[in-house]
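A.B. asks: So I've got this file, data.txt, and it contains compact mmCIF, C-alpha atoms:
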# COMPACT_ATOMS: atom_id res chain seq x y z
CA MET N 28 86.85 105.07 135.57
CA LYS N 29 85.30 102.87 132.91
CA LEU N 30 82.33 104.28 130.98
CA PRO N 31 79.31 102.08 130.32
CA GLU N 32 79.29 100.31 126.99
CA ILE N 33 78.05 102.21 123.93
CA ARG N 34 74.64 100.94 122.83
CA THR N 35 73.22 100.91 119.31
CA TYR N 36 69.67 100.46 118.04
CA LEU N 37 68.66 99.79 114.45
CA PHE N 38 64.96 100.30 113.79
CA GLN N 39 62.91 99.28 110.77
CA ASP N 40 60.42 101.51 108.96
CA ASP N 41 57.20 101.23 110.99
CA GLY N 42 54.98 102.79 108.31
CA THR N 43 55.05 106.20 109.98
CA ILE N 44 58.66 106.73 111.00
CA PRO N 45 60.98 105.52 108.21
CA ASN N 46 64.14 105.23 110.38
CA ASN N 47 67.56 104.89 108.82
CA ARG N 48 68.10 101.49 107.20
CA VAL N 49 71.88 101.58 107.58
CA LEU N 50 72.92 103.88 110.42
CA PRO N 51 71.88 102.96 113.97
CA VAL N 52 70.87 105.23 116.81
CA VAL N 53 73.95 105.41 119.05
CA LEU N 54 73.74 105.96 122.81
CA TYR N 55 76.86 107.02 124.70
CA PRO N 56 75.95 106.57 128.38
CA GLY N 57 77.79 108.98 130.66
CA ALA N 58 79.89 110.42 127.83
CA LEU N 59 79.62 113.93 129.31
CA LYS N 60 78.93 112.93 132.90
CA ASP N 61 81.57 115.23 134.38
CA GLN N 62 80.62 118.16 132.19
CA ALA N 63 76.87 117.76 131.55
CA ALA N 64 76.22 121.43 132.36
CA GLN N 65 78.65 122.38 129.56
CA THR N 66 76.97 120.19 126.91
CA GLU N 67 75.51 123.05 124.86
CA ASN N 68 78.81 124.97 124.86
CA LEU N 69 80.68 121.83 123.78
CA PHE N 70 78.23 121.17 120.94
CA ASN N 71 78.45 124.79 119.76
CA ARG N 72 82.28 124.74 119.82
CA HIS N 73 82.13 121.81 117.39
CA HIS N 74 79.71 123.70 115.13
CA TRP N 75 76.68 121.62 116.11
CA LEU N 76 74.46 124.67 116.13
CA ASN N 77 70.74 125.47 116.44
CA SER N 78 70.64 123.93 119.89
CA TRP N 79 67.78 124.35 122.29
CA THR N 80 67.16 123.26 125.86
CA ASN N 81 64.28 122.37 128.17
CA GLY N 82 62.83 119.13 126.96
CA VAL N 83 61.99 117.19 123.83
CA PHE N 84 58.89 117.12 121.67
CA PRO N 85 56.07 115.06 123.21
CA TYR N 86 55.29 113.39 119.87
CA HIS N 87 57.10 111.10 117.43
CA HIS N 88 58.97 112.85 114.65
CA TYR N 89 62.05 112.44 112.52
CA HIS N 90 64.50 114.50 110.49
CA SER N 91 64.78 113.35 106.89
CA ASN N 92 67.93 115.25 105.94
CA ALA N 93 69.93 115.98 109.11
CA HIS N 94 71.34 113.88 111.90
CA GLU N 95 70.47 114.97 115.44
CA VAL N 96 72.46 114.76 118.65
CA LEU N 97 70.84 115.01 122.07
CA GLY N 98 72.77 115.63 125.25
CA VAL N 99 71.11 115.31 128.65
CA ILE N 100 72.18 118.28 130.74
CA ARG N 101 70.40 117.41 133.98
CA GLY N 102 67.83 115.01 135.33
CA SER N 103 66.61 112.01 133.40
CA ILE N 104 64.08 111.17 130.71
CA THR N 105 62.61 108.13 129.05
CA LEU N 106 62.47 108.47 125.26
CA GLN N 107 60.81 106.13 122.82
CA LEU N 108 63.31 105.82 120.01
CA GLY N 109 62.35 104.52 116.57
CA GLY N 110 58.72 105.67 116.58
CA GLY N 111 55.60 104.13 118.07
CA GLN N 112 56.93 100.60 117.64
CA GLY N 113 60.39 101.54 118.92
CA GLU N 114 62.15 101.02 122.22
CA HIS N 115 61.86 103.01 125.46
CA VAL N 116 65.31 104.12 126.59
CA GLU N 117 66.18 105.80 129.89
CA LEU N 118 68.65 108.68 129.56
CA ASN N 119 70.43 110.46 132.40
CA ALA N 120 72.51 113.60 132.84
CA GLY N 121 75.72 113.22 130.85
CA ASP N 122 74.27 110.79 128.29
CA VAL N 123 74.51 111.59 124.58
CA VAL N 124 72.40 109.99 121.85
CA VAL N 125 72.95 110.36 118.10
CA LEU N 126 69.87 110.00 115.90
CA PRO N 127 70.62 109.45 112.21
CA ALA N 128 68.51 111.17 109.54
Just dump the structure as structure tokens.

C.D. replies:
Amino acid sequence: MKLPEIRTYLFQDDGTIPNNRVLPVVLYPGALKDQAAQTENLFNRHHWLNSWTNGVFPYHHYHSNAHEVLGVIRGSITLQLGGGQGEHVELNAGDVVVLPA
């Protein structure tokens, strides 16, 4: 089974959200499709700690000193990446997105 192609997004500073000038947002569609329910356990085993579940913040924000990884455990969501001027991206169970600091 062939996974969908990895997608990258590089966003400019929009005056509110600075975005990373070098590292892109990376979307891995279906990366954990067969084990979406085990996403949190997988992240924790690799020492990606401080995880939480049940949604994302309903407002734009960024992390200035830490990268963030999001794994969709079930369902789907549309996120606006890159701030208010960014791009709306549909994510589904099994997708993983890496957001650079």

A.B. asks: In Å, how far is it from atom CA of N:Glu32 to atom CA of N:Asp122?

C.D. replies: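 Atom-to-atom, atom CA of N:Glu32 to atom CA of N:Asp122, that is 11.7 Å.
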
A.B. asks: Name the closest residue to N:Tyr55 among the candidates N:Asn77, N:Pro127, N:Gly121, N:His90; distances are taken between atoms, counting only C-alpha atoms.

C.D. replies: N:Gly121

A.B. asks: Point out the residue among N:Tyr36, N:Val123, N:Ala93, N:Arg48 with the least atom-to-atom distance to N:Phe70, counting all atoms listed in the file.

C.D. replies: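 The answer is N:Val123, which sits nearest to N:Phe70.
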
A.B. asks: Go through N:Leu106, N:Ile44, N:Ala58, N:Ala63 and flag the residue nearest N:Phe84, using only C-alpha atoms for the distances.

C.D. replies: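 Answer, going by the shortest atom-to-atom distance: N:Leu106.
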
A.B. asks: Can you tell me how far atom CA of N:Ile100 sits from atom CA of N:Ala128, in Å to one decimal?

C.D. replies: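 It comes out at 22.7 Å.
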
A.B. asks: Please determine, counting all atoms listed in the file, which residue among N:His115, N:Lys60, N:His88, N:Arg72 has the shortest atom-to-atom distance to N:Lys29.

C.D. replies: N:Lys60

A.B. asks: Give as a list in words each residue that has an atom at most 9 Å from (78.7, 107.8, 120.0) in the file, counting all atoms listed in the file.

C.D. replies: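 Final list of nearby residues, as requested, is Ile33, Arg34, Thr35, Val52, Val53, Leu54, Tyr55, Pro56, Ala58, Val123, Val124 and Val125 of chain N.
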
A.B. asks: Can you measure atom CA of N:Thr66 to atom CA of N:Gly98 for me? One decimal in Å is fine.

C.D. replies: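 Result for atom CA of N:Thr66 versus atom CA of N:Gly98: 6.4 Å, one decimal.
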
A.B. asks: Go through N:Gln62, N:Leu37, N:Ser91, N:Gly111 one by one, measure the shortest atom-to-atom distance of each to N:Leu50 using all atoms listed in the file, and give the residue with the smallest value.

C.D. replies: N:Leu37

A.B. asks: If you count all atoms listed in the file, which residues fall within 12 Å of N:Gln107, apart from same-chain ones fewer than 2 positions away, as a list of chain:residue names?

C.D. replies: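 So, after excluding close chain neighbours, the residues are N:Tyr36, N:Phe38, N:Val52, N:Val83, N:Phe84, N:Pro85, N:Tyr86, N:His87, N:His88, N:Ile104, N:Thr105, N:Gly109, N:Gly110, N:Gly111, N:Gln112, N:Gly113, N:Glu114, N:His115, N:Val116, N:Glu117, N:Leu118.
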
A.B. asks: So which one's closest to N:Arg101, N:Asn71, N:Gln65, N:Ser78, N:Gln39? Using only C-alpha atoms, please.

C.D. replies: N:Gln65

A.B. asks: Report as lines of an AutoDock Vina configuration file the centre and the edge lengths, in Å to one decimal, of the axis-aligned box holding every listed atom of stretch 96-100 of chain N, padded by 6 Å on each side.

C.D. replies:
center_x = 71.8
center_y = 116.5
center_z = 124.7
size_x = 13.9
size_y = 15.5
size_z = 24.1

A.B. asks: Can you sort out stretch 63-86 of chain N so it carries N, CA and C atoms, written as an mmCIF file, in the coordinates of the input?

C.D. replies:
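After the write, out.cif holds the following:
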data_model
loop_
_atom_site.group_PDB
_atom_site.id
_atom_site.type_symbol
_atom_site.label_atom_id
_atom_site.label_comp_id
_atom_site.auth_asym_id
_atom_site.auth_seq_id
_atom_site.Cartn_x
_atom_site.Cartn_y
_atom_site.Cartn_z
ATOM 1 N N ALA N 63 78.223 117.696 132.105
ATOM 2 C CA ALA N 63 76.870 117.760 131.550
ATOM 3 C C ALA N 63 76.372 119.195 131.422
ATOM 4 N N ALA N 64 76.681 120.047 132.397
ATOM 5 C CA ALA N 64 76.220 121.430 132.360
ATOM 6 C C ALA N 64 76.851 122.205 131.198
ATOM 7 N N GLN N 65 77.958 121.707 130.666
ATOM 8 C CA GLN N 65 78.650 122.380 129.560
ATOM 9 C C GLN N 65 78.312 121.770 128.194
ATOM 10 N N THR N 66 77.312 120.907 128.140
ATOM 11 C CA THR N 66 76.970 120.190 126.910
ATOM 12 C C THR N 66 76.695 121.140 125.747
ATOM 13 N N GLU N 67 75.852 122.136 125.950
ATOM 14 C CA GLU N 67 75.510 123.050 124.860
ATOM 15 C C GLU N 67 76.735 123.804 124.357
ATOM 16 N N ASN N 68 77.579 124.277 125.272
ATOM 17 C CA ASN N 68 78.810 124.970 124.860
ATOM 18 C C ASN N 68 79.715 124.043 124.062
ATOM 19 N N LEU N 69 79.846 122.804 124.490
ATOM 20 C CA LEU N 69 80.680 121.830 123.780
ATOM 21 C C LEU N 69 80.135 121.598 122.366
ATOM 22 N N PHE N 70 78.834 121.388 122.247
ATOM 23 C CA PHE N 70 78.230 121.170 120.940
ATOM 24 C C PHE N 70 78.480 122.384 120.032
ATOM 25 N N ASN N 71 78.272 123.577 120.554
ATOM 26 C CA ASN N 71 78.450 124.790 119.760
ATOM 27 C C ASN N 71 79.910 124.967 119.308
ATOM 28 N N ARG N 72 80.856 124.638 120.183
ATOM 29 C CA ARG N 72 82.280 124.740 119.820
ATOM 30 C C ARG N 72 82.633 123.831 118.650
ATOM 31 N N HIS N 73 81.887 122.751 118.495
ATOM 32 C CA HIS N 73 82.130 121.810 117.390
ATOM 33 C C HIS N 73 81.204 122.075 116.208
ATOM 34 N N HIS N 74 80.577 123.255 116.227
ATOM 35 C CA HIS N 74 79.710 123.700 115.130
ATOM 36 C C HIS N 74 78.439 122.871 114.988
ATOM 37 N N TRP N 75 77.994 122.273 116.079
ATOM 38 C CA TRP N 75 76.680 121.620 116.110
ATOM 39 C C TRP N 75 75.741 122.680 116.654
ATOM 40 N N LEU N 76 75.195 123.475 115.746
ATOM 41 C CA LEU N 76 74.460 124.670 116.130
ATOM 42 C C LEU N 76 72.946 124.419 116.157
ATOM 43 N N ASN N 77 72.206 125.506 116.353
ATOM 44 C CA ASN N 77 70.740 125.470 116.440
ATOM 45 C C ASN N 77 70.268 124.650 117.631
ATOM 46 N N SER N 78 71.018 124.704 118.707
ATOM 47 C CA SER N 78 70.640 123.930 119.890
ATOM 48 C C SER N 78 69.520 124.623 120.657
ATOM 49 N N TRP N 79 68.823 123.836 121.413
ATOM 50 C CA TRP N 79 67.780 124.350 122.290
ATOM 51 C C TRP N 79 67.752 123.473 123.525
ATOM 52 N N THR N 80 67.214 124.009 124.604
ATOM 53 C CA THR N 80 67.160 123.260 125.860
ATOM 54 C C THR N 80 65.734 123.241 126.385
ATOM 55 N N ASN N 81 65.548 122.459 127.441
ATOM 56 C CA ASN N 81 64.280 122.370 128.170
ATOM 57 C C ASN N 81 63.306 121.402 127.549
ATOM 58 N N GLY N 82 63.746 120.185 127.345
ATOM 59 C CA GLY N 82 62.830 119.130 126.960
ATOM 60 C C GLY N 82 62.909 118.706 125.510
ATOM 61 N N VAL N 83 62.104 117.712 125.190
ATOM 62 C CA VAL N 83 61.990 117.190 123.830
ATOM 63 C C VAL N 83 60.522 117.217 123.435
ATOM 64 N N PHE N 84 60.276 117.122 122.143
ATOM 65 C CA PHE N 84 58.890 117.120 121.670
ATOM 66 C C PHE N 84 58.127 115.939 122.263
ATOM 67 N N PRO N 85 56.866 116.142 122.617
ATOM 68 C CA PRO N 85 56.070 115.060 123.210
ATOM 69 C C PRO N 85 55.409 114.151 122.170
ATOM 70 N N TYR N 86 55.878 114.195 120.940
ATOM 71 C CA TYR N 86 55.290 113.390 119.870
ATOM 72 C C TYR N 86 56.422 112.817 119.008
#
